[in-house]
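Source file: query.txt (compact mmCIF, C-alpha atoms)
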# COMPACT_ATOMS: atom_id res chain seq x y z
CA MET T 1 140.09 84.92 59.67
CA SER T 2 137.15 85.30 57.31
CA PRO T 3 134.71 88.03 58.39
CA ILE T 4 131.00 87.26 58.23
CA PRO T 5 128.78 89.40 56.01
CA PRO T 6 127.41 92.38 58.00
CA GLN T 7 123.82 91.35 57.35
CA ARG T 8 124.45 87.99 58.92
CA LEU T 9 125.44 89.65 62.18
CA LEU T 10 122.34 91.82 62.08
CA ASP T 11 120.12 88.83 61.36
CA ALA T 12 121.54 87.15 64.46
CA GLN T 13 121.01 90.29 66.56
CA GLN T 14 117.44 90.60 65.34
CA TRP T 15 116.80 86.90 65.93
CA ARG T 16 118.00 86.94 69.54
CA TYR T 17 115.77 88.09 72.40
CA ALA T 18 115.68 87.66 76.15
CA THR T 19 114.26 84.16 76.10
CA LYS T 20 111.50 83.73 78.65
CA VAL T 21 110.65 80.07 78.02
CA PHE T 22 113.36 77.54 77.24
CA ASP T 23 112.72 74.09 75.82
CA ALA T 24 113.95 72.01 78.75
CA ALA T 25 114.52 69.01 76.50
CA LYS T 26 116.94 70.73 74.10
CA ARG T 27 120.60 70.75 75.01
CA ILE T 28 123.37 72.78 73.42
CA PRO T 29 125.61 70.33 71.50
CA ALA T 30 129.06 69.83 73.00
CA THR T 31 130.96 71.42 70.10
CA VAL T 32 128.77 74.52 70.23
CA TRP T 33 129.05 74.82 73.99
CA SER T 34 132.79 74.35 73.83
CA ALA T 35 133.04 77.33 71.46
CA LEU T 36 130.82 79.47 73.70
CA GLU T 37 132.98 78.58 76.66
CA GLN T 38 136.16 79.51 74.81
CA SER T 39 134.57 82.68 73.51
CA LEU T 40 133.70 83.64 77.08
CA ILE T 41 137.24 82.97 78.23
CA LEU T 42 138.59 85.10 75.38
CA THR T 43 136.64 88.14 76.65
CA PRO T 44 138.80 91.30 76.60
CA THR T 45 139.32 92.92 79.99
CA SER T 46 141.09 95.97 81.36
CA TYR T 47 144.85 95.22 81.35
CA GLY T 48 143.88 91.61 80.64
CA LEU T 49 143.28 91.09 84.36
CA GLN T 50 140.20 88.82 83.96
CA PRO T 51 138.90 89.72 87.44
CA TYR T 52 136.10 87.18 87.35
CA ARG T 53 135.02 83.57 87.46
CA PHE T 54 132.17 82.01 85.58
CA PHE T 55 130.21 79.24 87.26
CA LEU T 56 128.51 76.77 84.97
CA VAL T 57 125.76 75.32 87.13
CA GLN T 58 125.06 71.78 85.99
CA ASP T 59 123.83 70.25 89.23
CA ALA T 60 120.02 70.06 89.19
CA ALA T 61 119.75 70.52 92.95
CA LYS T 62 121.79 73.71 92.81
CA ARG T 63 119.66 75.02 89.95
CA ALA T 64 116.54 74.25 91.97
CA ALA T 65 118.02 76.10 94.95
CA LEU T 66 118.82 79.13 92.79
CA LEU T 67 115.30 79.32 91.34
CA PRO T 68 113.56 81.03 94.31
CA LYS T 69 116.54 83.39 94.55
CA SER T 70 116.00 84.40 90.90
CA TRP T 71 112.55 85.96 91.22
CA GLY T 72 111.21 82.50 90.37
CA GLN T 73 112.28 82.82 86.73
CA LYS T 74 112.12 79.31 85.29
CA GLN T 75 114.93 79.89 82.82
CA VAL T 76 117.26 78.96 85.71
CA VAL T 77 116.06 75.35 85.71
CA ASP T 78 114.84 74.94 82.11
CA CYS T 79 117.80 76.23 80.13
CA SER T 80 120.50 73.97 78.79
CA HIS T 81 123.47 75.83 80.32
CA TYR T 82 123.24 78.27 83.21
CA VAL T 83 126.21 80.55 83.80
CA VAL T 84 126.67 82.68 86.90
CA PHE T 85 129.05 85.59 86.42
CA THR T 86 131.05 86.49 89.50
CA ALA T 87 133.51 89.34 89.99
CA ARG T 88 136.47 89.85 92.31
CA THR T 89 135.46 91.58 95.53
CA GLU T 90 138.77 93.42 95.83
CA MET T 91 142.03 93.68 93.89
CA LYS T 92 145.33 92.91 95.58
CA ASP T 93 148.99 92.88 94.61
CA SER T 94 148.63 89.13 94.20
CA ASP T 95 146.03 89.60 91.43
CA VAL T 96 148.50 91.68 89.49
CA ASP T 97 151.37 89.27 90.17
CA ARG T 98 149.22 86.37 89.01
CA LEU T 99 148.71 88.06 85.65
CA ILE T 100 152.38 88.97 85.35
CA GLN T 101 153.32 85.33 85.93
CA ARG T 102 150.80 84.20 83.36
CA ILE T 103 152.03 86.69 80.73
CA SER T 104 155.57 85.60 81.46
CA ALA T 105 154.66 81.92 81.00
CA VAL T 106 152.48 82.34 77.89
CA ARG T 107 154.74 84.79 76.06
CA GLY T 108 158.09 83.56 77.34
CA VAL T 109 159.07 86.97 78.72
CA ALA T 110 161.06 87.36 81.91
CA SER T 111 158.72 88.83 84.54
CA GLY T 112 161.34 91.49 85.31
CA LYS T 113 160.69 92.93 81.87
CA LEU T 114 157.05 93.44 82.82
CA GLU T 115 157.86 95.57 85.86
CA SER T 116 156.55 98.83 84.40
CA TYR T 117 153.31 97.18 83.29
CA ARG T 118 152.99 95.73 86.78
CA GLY T 119 153.49 99.18 88.29
CA MET T 120 150.83 100.68 86.02
CA MET T 121 148.27 98.14 87.11
CA LEU T 122 149.12 98.46 90.80
CA GLN T 123 148.79 102.23 90.79
CA ASP T 124 145.44 102.02 89.02
CA VAL T 125 143.29 99.02 89.95
CA VAL T 126 144.91 98.16 93.29
CA ASN T 127 146.15 101.38 94.89
CA GLY T 128 144.66 103.97 92.56
CA PRO T 129 141.23 105.36 91.71
CA ARG T 130 139.80 102.10 90.38
CA GLY T 131 141.19 100.19 93.35
CA LYS T 132 138.93 102.19 95.66
CA ASN T 133 135.94 100.56 94.04
CA ALA T 134 137.58 97.41 92.77
CA HIS T 135 134.49 95.23 92.92
CA GLU T 136 132.57 97.64 90.75
CA TRP T 137 135.47 97.87 88.30
CA ALA T 138 135.58 94.06 88.23
CA ALA T 139 131.80 93.90 87.79
CA ARG T 140 132.11 96.14 84.71
CA GLN T 141 134.65 93.76 83.21
CA THR T 142 132.24 90.94 83.95
CA TYR T 143 129.56 92.76 81.98
CA ILE T 144 131.91 92.88 78.99
CA ALA T 145 131.94 89.09 79.30
CA LEU T 146 128.15 89.05 79.49
CA GLY T 147 127.85 91.19 76.35
CA ASN T 148 130.40 89.06 74.55
CA PHE T 149 128.62 85.88 75.63
CA MET T 150 125.19 87.01 74.43
CA THR T 151 126.50 88.10 71.04
CA SER T 152 128.46 84.86 70.75
CA CYS T 153 125.29 82.89 71.51
CA ALA T 154 123.34 84.88 68.92
CA VAL T 155 125.76 84.27 66.04
CA LEU T 156 125.86 80.56 66.92
CA GLY T 157 122.06 80.36 66.97
CA VAL T 158 121.83 79.73 70.70
CA ASP T 159 119.14 81.48 72.73
CA ALA T 160 120.06 83.34 75.86
CA CYS T 161 118.48 85.31 78.66
CA PRO T 162 120.50 87.68 80.84
CA MET T 163 119.45 87.43 84.48
CA GLU T 164 119.93 90.51 86.64
CA GLY T 165 116.86 89.64 88.68
CA LEU T 166 118.59 87.54 91.28
CA GLU T 167 119.73 87.77 94.89
CA PRO T 168 123.53 87.94 94.75
CA THR T 169 124.05 87.12 98.43
CA ALA T 170 121.87 84.01 98.24
CA TYR T 171 123.65 82.95 95.06
CA ASP T 172 127.00 83.35 96.81
CA GLU T 173 125.83 81.06 99.59
CA ILE T 174 124.44 78.38 97.28
CA LEU T 175 127.54 78.40 95.10
CA GLY T 176 129.91 78.41 98.06
CA LEU T 177 131.40 81.77 97.17
CA VAL T 178 131.32 83.40 100.59
CA GLY T 179 134.87 84.35 101.53
CA SER T 180 136.23 83.22 98.16
CA GLY T 181 137.06 86.71 96.91
CA TYR T 182 134.42 86.47 94.18
CA ALA T 183 130.79 87.58 94.36
CA THR T 184 127.82 87.07 92.05
CA VAL T 185 126.93 90.00 89.82
CA VAL T 186 124.71 88.60 87.08
CA ALA T 187 123.79 85.34 85.34
CA CYS T 188 122.85 84.17 81.87
CA ALA T 189 120.70 81.25 80.76
CA ALA T 190 121.54 79.64 77.43
CA GLY T 191 119.74 77.00 75.40
CA TYR T 192 116.86 76.96 72.95
CA ARG T 193 113.54 78.77 73.01
CA ALA T 194 110.36 76.76 73.54
CA ASP T 195 107.88 76.80 70.66
CA GLY T 196 105.27 78.62 72.72
CA ASP T 197 107.39 81.57 73.92
CA LYS T 198 105.28 84.54 72.88
CA TYR T 199 108.16 86.96 73.46
CA ALA T 200 110.06 85.47 70.52
CA SER T 201 107.86 87.18 67.95
CA LEU T 202 107.46 90.61 69.56
CA PRO T 203 109.09 93.49 67.68
CA LYS T 204 112.29 94.70 69.29
CA VAL T 205 112.01 97.93 71.21
CA ARG T 206 114.93 100.29 70.75
CA TYR T 207 115.00 104.08 70.74
CA GLU T 208 115.50 105.83 67.44
CA THR T 209 119.11 105.63 66.30
CA ASP T 210 119.65 109.39 66.60
CA GLN T 211 118.52 109.26 70.23
CA ILE T 212 121.13 106.65 71.14
CA LEU T 213 123.99 107.20 68.73
CA ILE T 214 125.00 110.85 68.54
CA LYS T 215 127.47 112.03 65.94
CA VAL T 216 129.75 114.83 67.06
CA MET X 1 118.81 83.13 60.76
CA SER X 2 121.75 80.94 59.76
CA PRO X 3 124.22 80.36 62.61
CA ILE X 4 127.91 80.62 61.84
CA PRO X 5 130.13 77.59 62.41
CA PRO X 6 131.53 77.64 65.98
CA GLN X 7 135.11 77.61 64.73
CA ARG X 8 134.49 80.77 62.77
CA LEU X 9 133.52 82.61 65.95
CA LEU X 10 136.64 81.33 67.69
CA ASP X 11 138.82 82.34 64.75
CA ALA X 12 137.44 85.87 65.06
CA GLN X 13 138.00 85.92 68.82
CA GLN X 14 141.57 84.71 68.38
CA TRP X 15 142.18 87.22 65.60
CA ARG X 16 141.03 90.23 67.59
CA TYR X 17 143.29 91.99 70.10
CA ALA X 18 143.40 95.37 71.79
CA THR X 19 144.81 97.23 68.81
CA LYS X 20 147.59 99.61 69.81
CA VAL X 21 148.41 101.06 66.38
CA PHE X 22 145.68 101.79 63.86
CA ASP X 23 146.28 102.46 60.19
CA ALA X 24 145.08 106.06 60.06
CA ALA X 25 144.46 105.80 56.32
CA LYS X 26 142.03 102.87 56.47
CA ARG X 27 138.36 103.65 57.01
CA ILE X 28 135.60 101.21 57.90
CA PRO X 29 133.34 100.95 54.81
CA ALA X 30 129.89 102.50 55.24
CA THR X 31 128.00 99.21 55.03
CA VAL X 32 130.20 97.62 57.66
CA TRP X 33 129.96 100.61 59.98
CA SER X 34 126.22 100.75 59.54
CA ALA X 35 125.96 97.14 60.73
CA LEU X 36 128.21 97.85 63.72
CA GLU X 37 126.07 100.85 64.61
CA GLN X 38 122.87 98.79 64.42
CA SER X 39 124.48 95.97 66.36
CA LEU X 40 125.38 98.45 69.09
CA ILE X 41 121.84 99.78 69.18
CA LEU X 42 120.49 96.24 69.44
CA THR X 43 122.47 95.65 72.66
CA PRO X 44 120.34 93.91 75.29
CA THR X 45 119.85 95.87 78.51
CA SER X 46 118.11 95.37 81.82
CA TYR X 47 114.34 95.79 81.23
CA GLY X 48 115.27 97.13 77.80
CA LEU X 49 115.92 100.55 79.36
CA GLN X 50 118.96 101.45 77.24
CA PRO X 51 120.32 103.86 79.87
CA TYR X 52 123.10 105.14 77.66
CA ARG X 53 124.15 107.19 74.70
CA PHE X 54 126.97 106.45 72.31
CA PHE X 55 128.94 109.35 70.89
CA LEU X 56 130.61 108.77 67.57
CA VAL X 57 133.38 111.35 67.49
CA GLN X 58 134.04 112.32 63.88
CA ASP X 59 135.30 115.86 64.36
CA ALA X 60 139.11 115.91 64.15
CA ALA X 61 139.42 118.83 66.58
CA LYS X 62 137.37 116.97 69.20
CA ARG X 63 139.49 113.85 68.72
CA ALA X 64 142.63 115.95 69.15
CA ALA X 65 141.19 117.46 72.33
CA LEU X 66 140.38 113.99 73.70
CA LEU X 67 143.89 112.66 73.04
CA PRO X 68 145.67 114.20 76.06
CA LYS X 69 142.70 113.15 78.21
CA SER X 70 143.22 109.54 77.07
CA TRP X 71 146.66 108.93 78.52
CA GLY X 72 147.97 110.09 75.15
CA GLN X 73 146.89 106.86 73.44
CA LYS X 74 147.03 107.56 69.72
CA GLN X 75 144.18 105.19 68.89
CA VAL X 76 141.89 108.13 69.69
CA VAL X 77 143.06 110.08 66.67
CA ASP X 78 144.25 107.30 64.35
CA CYS X 79 141.27 104.94 64.38
CA SER X 80 138.54 105.06 61.78
CA HIS X 81 135.60 105.35 64.20
CA TYR X 82 135.87 106.44 67.81
CA VAL X 83 132.92 105.71 70.07
CA VAL X 84 132.50 107.16 73.56
CA PHE X 85 130.13 105.18 75.76
CA THR X 86 128.16 107.30 78.21
CA ALA X 87 125.72 106.17 80.88
CA ARG X 88 122.77 107.86 82.61
CA THR X 89 123.84 109.61 85.78
CA GLU X 90 120.54 108.88 87.53
CA MET X 91 117.25 107.13 86.74
CA LYS X 92 113.98 108.98 87.02
CA ASP X 93 110.30 108.20 86.52
CA SER X 94 110.64 109.89 83.15
CA ASP X 95 113.22 107.33 81.99
CA VAL X 96 110.74 104.56 82.71
CA ASP X 97 107.87 106.45 81.09
CA ARG X 98 109.96 107.05 78.01
CA LEU X 99 110.48 103.32 77.58
CA ILE X 100 106.81 102.58 78.23
CA GLN X 101 105.85 105.04 75.50
CA ARG X 102 108.33 103.49 73.13
CA ILE X 103 107.10 99.93 73.80
CA SER X 104 103.57 101.15 73.31
CA ALA X 105 104.45 102.78 69.99
CA VAL X 106 106.60 99.93 68.61
CA ARG X 107 104.34 97.08 69.67
CA GLY X 108 100.99 98.84 69.40
CA VAL X 109 100.03 98.11 73.01
CA ALA X 110 98.07 100.60 75.12
CA SER X 111 100.45 101.99 77.75
CA GLY X 112 97.86 101.19 80.41
CA LYS X 113 98.49 97.52 79.74
CA LEU X 114 102.15 98.04 80.65
CA GLU X 115 101.37 99.42 84.10
CA SER X 116 102.68 96.41 86.03
CA TYR X 117 105.90 96.39 84.01
CA ARG X 118 106.23 100.11 84.69
CA GLY X 119 105.77 99.48 88.42
CA MET X 120 108.42 96.76 88.42
CA MET X 121 110.98 99.06 86.83
CA LEU X 122 110.17 101.97 89.13
CA GLN X 123 110.54 99.91 92.29
CA ASP X 124 113.86 98.53 91.11
CA VAL X 125 115.99 100.92 89.06
CA VAL X 126 114.40 104.21 90.19
CA ASN X 127 113.21 103.80 93.78
CA GLY X 128 114.68 100.41 94.66
CA PRO X 129 118.10 98.94 95.34
CA ARG X 130 119.51 99.59 91.87
CA GLY X 131 118.12 103.13 91.91
CA LYS X 132 120.43 103.96 94.81
CA ASN X 133 123.38 103.49 92.53
CA ALA X 134 121.72 104.13 89.21
CA HIS X 135 124.80 105.44 87.43
CA GLU X 136 126.71 102.30 88.24
CA TRP X 137 123.79 100.13 87.14
CA ALA X 138 123.66 102.14 83.91
CA ALA X 139 127.43 101.84 83.50
CA ARG X 140 127.13 98.06 83.71
CA GLN X 141 124.55 98.09 80.92
CA THR X 142 126.94 100.23 78.94
CA TYR X 143 129.61 97.60 79.36
CA ILE X 144 127.23 95.02 77.87
CA ALA X 145 127.19 97.33 74.86
CA LEU X 146 130.98 97.48 74.88
CA GLY X 147 131.24 93.69 74.98
CA ASN X 148 128.67 93.35 72.23
CA PHE X 149 130.46 95.98 70.14
CA MET X 150 133.89 94.36 70.40
CA THR X 151 132.54 90.91 69.48
CA SER X 152 130.56 92.43 66.62
CA CYS X 153 133.73 94.13 65.37
CA ALA X 154 135.65 90.85 65.60
CA VAL X 155 133.22 88.79 63.54
CA LEU X 156 133.11 91.54 60.91
CA GLY X 157 136.91 91.67 60.72
CA VAL X 158 137.16 95.14 62.24
CA ASP X 159 139.87 95.88 64.75
CA ALA X 160 139.01 97.51 68.04
CA CYS X 161 140.62 98.79 71.20
CA PRO X 162 138.65 99.33 74.40
CA MET X 163 139.72 102.51 76.16
CA GLU X 164 139.29 102.66 79.91
CA GLY X 165 142.36 104.82 80.28
CA LEU X 166 140.65 108.15 79.93
CA GLU X 167 139.54 111.07 82.08
CA PRO X 168 135.74 110.87 82.19
CA THR X 169 135.26 114.40 83.51
CA ALA X 170 137.41 115.93 80.78
CA TYR X 171 135.60 113.85 78.18
CA ASP X 172 132.27 115.12 79.50
CA GLU X 173 133.44 118.70 79.08
CA ILE X 174 134.81 118.20 75.58
CA LEU X 175 131.69 116.37 74.43
CA GLY X 176 129.33 118.88 76.07
CA LEU X 177 127.85 116.29 78.41
CA VAL X 178 127.99 118.29 81.63
CA GLY X 179 124.44 118.56 83.00
CA SER X 180 123.06 116.36 80.22
CA GLY X 181 122.22 113.43 82.48
CA TYR X 182 124.83 111.26 80.77
CA ALA X 183 128.46 110.78 81.75
CA THR X 184 131.41 109.10 80.05
CA VAL X 185 132.28 105.62 81.28
CA VAL X 186 134.48 104.08 78.60
CA ALA X 187 135.36 104.39 74.91
CA CYS X 188 136.27 102.11 72.05
CA ALA X 189 138.38 102.77 68.97
CA ALA X 190 137.51 100.84 65.81
CA GLY X 191 139.27 100.55 62.47
CA TYR X 192 142.13 98.52 61.08
CA ARG X 193 145.46 97.58 62.60
CA ALA X 194 148.65 99.08 61.17
CA ASP X 195 151.09 96.63 59.63
CA GLY X 196 153.71 97.33 62.25
CA ASP X 197 151.64 96.77 65.39
CA LYS X 198 153.75 94.27 67.31
CA TYR X 199 150.89 93.47 69.67
CA ALA X 200 148.97 91.81 66.84
CA SER X 201 151.15 88.72 66.85
CA LEU X 202 151.60 88.21 70.59
CA PRO X 203 149.96 85.06 71.98
CA LYS X 204 146.77 85.77 73.92
CA VAL X 205 147.09 85.63 77.67
CA ARG X 206 144.18 83.96 79.44
CA TYR X 207 144.13 81.91 82.61
CA GLU X 208 143.60 78.18 82.31
CA THR X 209 139.98 77.36 81.54
CA ASP X 210 139.46 75.58 84.86
CA GLN X 211 140.62 78.69 86.71
CA ILE X 212 138.00 80.88 85.05
CA LEU X 213 135.13 78.57 84.24
CA ILE X 214 134.14 76.43 87.19
CA LYS X 215 131.64 73.61 86.80
CA VAL X 216 129.38 73.04 89.78
Mind turning this structure into structure tokens?
Amino acid sequence: MSPIPPQRLLDAQQWRYATKVFDAAKRIPATVWSALEQSLILTPTSYGLQPYRFFLVQDAAKRAALLPKSWGQKQVVDCSHYVVFTARTEMKDSDVDRLIQRISAVRGVASGKLESYRGMMLQDVVNGPRGKNAHEWAARQTYIALGNFMTSCAVLGVDACPMEGLEPTAYDEILGLVGSGYATVVACAAGYRADGDKYASLPKVRYETDQILIKV
Amino acid sequence: MSPIPPQRLLDAQQWRYATKVFDAAKRIPATVWSALEQSLILTPTSYGLQPYRFFLVQDAAKRAALLPKSWGQKQVVDCSHYVVFTARTEMKDSDVDRLIQRISAVRGVASGKLESYRGMMLQDVVNGPRGKNAHEWAARQTYIALGNFMTSCAVLGVDACPMEGLEPTAYDEILGLVGSGYATVVACAAGYRADGDKYASLPKVRYETDQILIKV
């Protein structure tokens, strides 16, 4: 692994912005998208439980249907790749068992040897404090994925716009999620900025460092 | 801005892992940390509201006090830089006004011209649906920061370990957050892995791509 120079990361972070106008003619090349997809899948989550599904909406009719449920924000239809982030609505024993089986298969460990790890997860995210509000816990994990995805886009030179301004229930209906155990929490448009997007050149607004990052 | 090759991002994502054992003698160089700090501050948030504060815990006594409130995970004391992510406990008119003033100052726009933007924020995150559960909304933004931070660490070759296993209330007391309007939601240890950390070489466990990323 060869680290990138720190300034290169900062250049990417300064370059990115919440893209308001996408160039509808520009598509993310397949190799770049493939890396973004893998980067998304490699998102770290609590216990590794990955309590989410990402929906890549390619169908134009579905995108058109989502538009009025997204405060009319045209990024939904103009961007190259539109990803809807959904989170588990509850956490069950079977979610934990699914991970245990996957660990066992990927690492070649007998699942019996993972019994204490299984117990830890069950008493926390299923039957414990986090289990009481499992959807919110899952939504937080999904936001790790969102943060990871936006930074990944930035370093690859892909524009993105996070979309919280949407109607989750309507999204769930359009995407066929009702009753699936997953519910929409947020979305992200990815692609390339249009030449005329005036937001691209506005200075970034962040609070002073000592207001946000406190040393103790 | 010069994008990095997609494979380089994937190499970084494959290289990273939730570091269990940090080399307590290795510190993140100042230039690298400075970039990570700025990257964190540049996190995108809903409306740009930045409803969080990051606490960089440098004081050894505070780290020692946090250890037993972190399920005894030694990353708290052994890592180079320990960041506690806190989120606003509620959202008030003054939070919105603070951002409006900052936009006005940074972009040189009269705050009167931002009145409609101000109204939008107020009717959403203060008085609207998201305002009803403002701490959770703020926590989600904080998790964007966490995701951004971990990916930033990875591309810079810095090891990290997200820490959800902690007692937020105890953290709040130790960090003097009680009554401050901010509350602990998660933490992240950053530094360099110890040679002997057996978790470093374990294969990553992720579900099959078509189980996580669904094309519709």
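In this structure, the chain T residues at most 6 Å away from chain X are T:Met1, T:Pro3, T:Ile4, T:Pro6, T:Asp11, T:Val32, T:Ala35, T:Arg53, T:Phe54, T:Phe55, T:Leu56, T:Val57, T:Gln58, T:Ile103, T:Arg140, T:Tyr143, T:Ile144, T:Gly147, T:Asn148, T:Thr151, T:Val155, T:Leu156, T:Gly157, T:Val205, T:Ile212, T:Leu213, T:Ile214, T:Lys215, T:Val216, with all atoms listed in the file considered.
Taking atom CA of X:Lys113 as the reference point, atom CA of X:Asn127 is found at 21.3 Å.
Atom CA of T:Asp95 sits 27.1 Å away from atom CA of X:Ala189.
Rounded to one decimal, atom CA of T:Tyr171 and atom CA of T:Asp159 lie 22.8 Å from each other.
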Q: Neighbourhood query: residues within 7 Å of (119.7, 82.4, 88.2), file coordinates, counting only C-alpha atoms; return as a list in words.
A: Leu66, Leu67, Ser70, Val76, Met163, Leu166 and Ala187 of chain T
Q | Residue neighbourhood X:Gln75, 7 Å, only C-alpha atoms, exclusion window fewer than 6 positions, as a ChimeraX atom specification | A | /X:20-22,189
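Minimum distance to T:Trp71 across T:Glu90, T:Glu167, T:Asp197, T:Glu173 (counting all atoms listed in the file) occurs at T:Glu167.
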Stretch 174-187 of chain T rebuilt with N, CA and C atoms, output as a CSV table (one decimal), in the coordinates of the input:
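And here is the file that came out, result.csv:
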chain,number,residue,atom,x,y,z
T,174,ILE,N,124.7,79.7,98.0
T,174,ILE,CA,124.4,78.4,97.3
T,174,ILE,C,125.7,77.9,96.5
T,175,LEU,N,126.4,78.8,95.9
T,175,LEU,CA,127.5,78.4,95.1
T,175,LEU,C,128.8,78.3,95.9
T,176,GLY,N,128.7,78.5,97.2
T,176,GLY,CA,129.9,78.4,98.1
T,176,GLY,C,131.0,79.5,97.8
T,177,LEU,N,130.5,80.7,97.5
T,177,LEU,CA,131.4,81.8,97.2
T,177,LEU,C,131.8,82.6,98.4
T,178,VAL,N,131.1,82.5,99.5
T,178,VAL,CA,131.3,83.4,100.6
T,178,VAL,C,132.8,83.3,101.1
T,179,GLY,N,133.5,84.4,101.1
T,179,GLY,CA,134.9,84.4,101.5
T,179,GLY,C,135.9,83.9,100.4
T,180,SER,N,135.4,83.7,99.2
T,180,SER,CA,136.2,83.2,98.2
T,180,SER,C,136.9,84.4,97.4
T,181,GLY,N,136.5,85.6,97.7
T,181,GLY,CA,137.1,86.7,96.9
T,181,GLY,C,136.3,87.0,95.6
T,182,TYR,N,135.3,86.2,95.4
T,182,TYR,CA,134.4,86.5,94.2
T,182,TYR,C,133.0,86.6,94.6
T,183,ALA,N,132.2,87.4,94.0
T,183,ALA,CA,130.8,87.6,94.4
T,183,ALA,C,129.9,87.6,93.1
T,184,THR,N,128.8,87.1,93.2
T,184,THR,CA,127.8,87.1,92.0
T,184,THR,C,127.4,88.5,91.6
T,185,VAL,N,127.5,88.7,90.3
T,185,VAL,CA,126.9,90.0,89.8
T,185,VAL,C,125.8,89.8,88.8
T,186,VAL,N,125.8,88.8,88.1
T,186,VAL,CA,124.7,88.6,87.1
T,186,VAL,C,124.8,87.2,86.6
T,187,ALA,N,123.8,86.7,85.9
T,187,ALA,CA,123.8,85.3,85.3
T,187,ALA,C,123.2,85.4,83.9
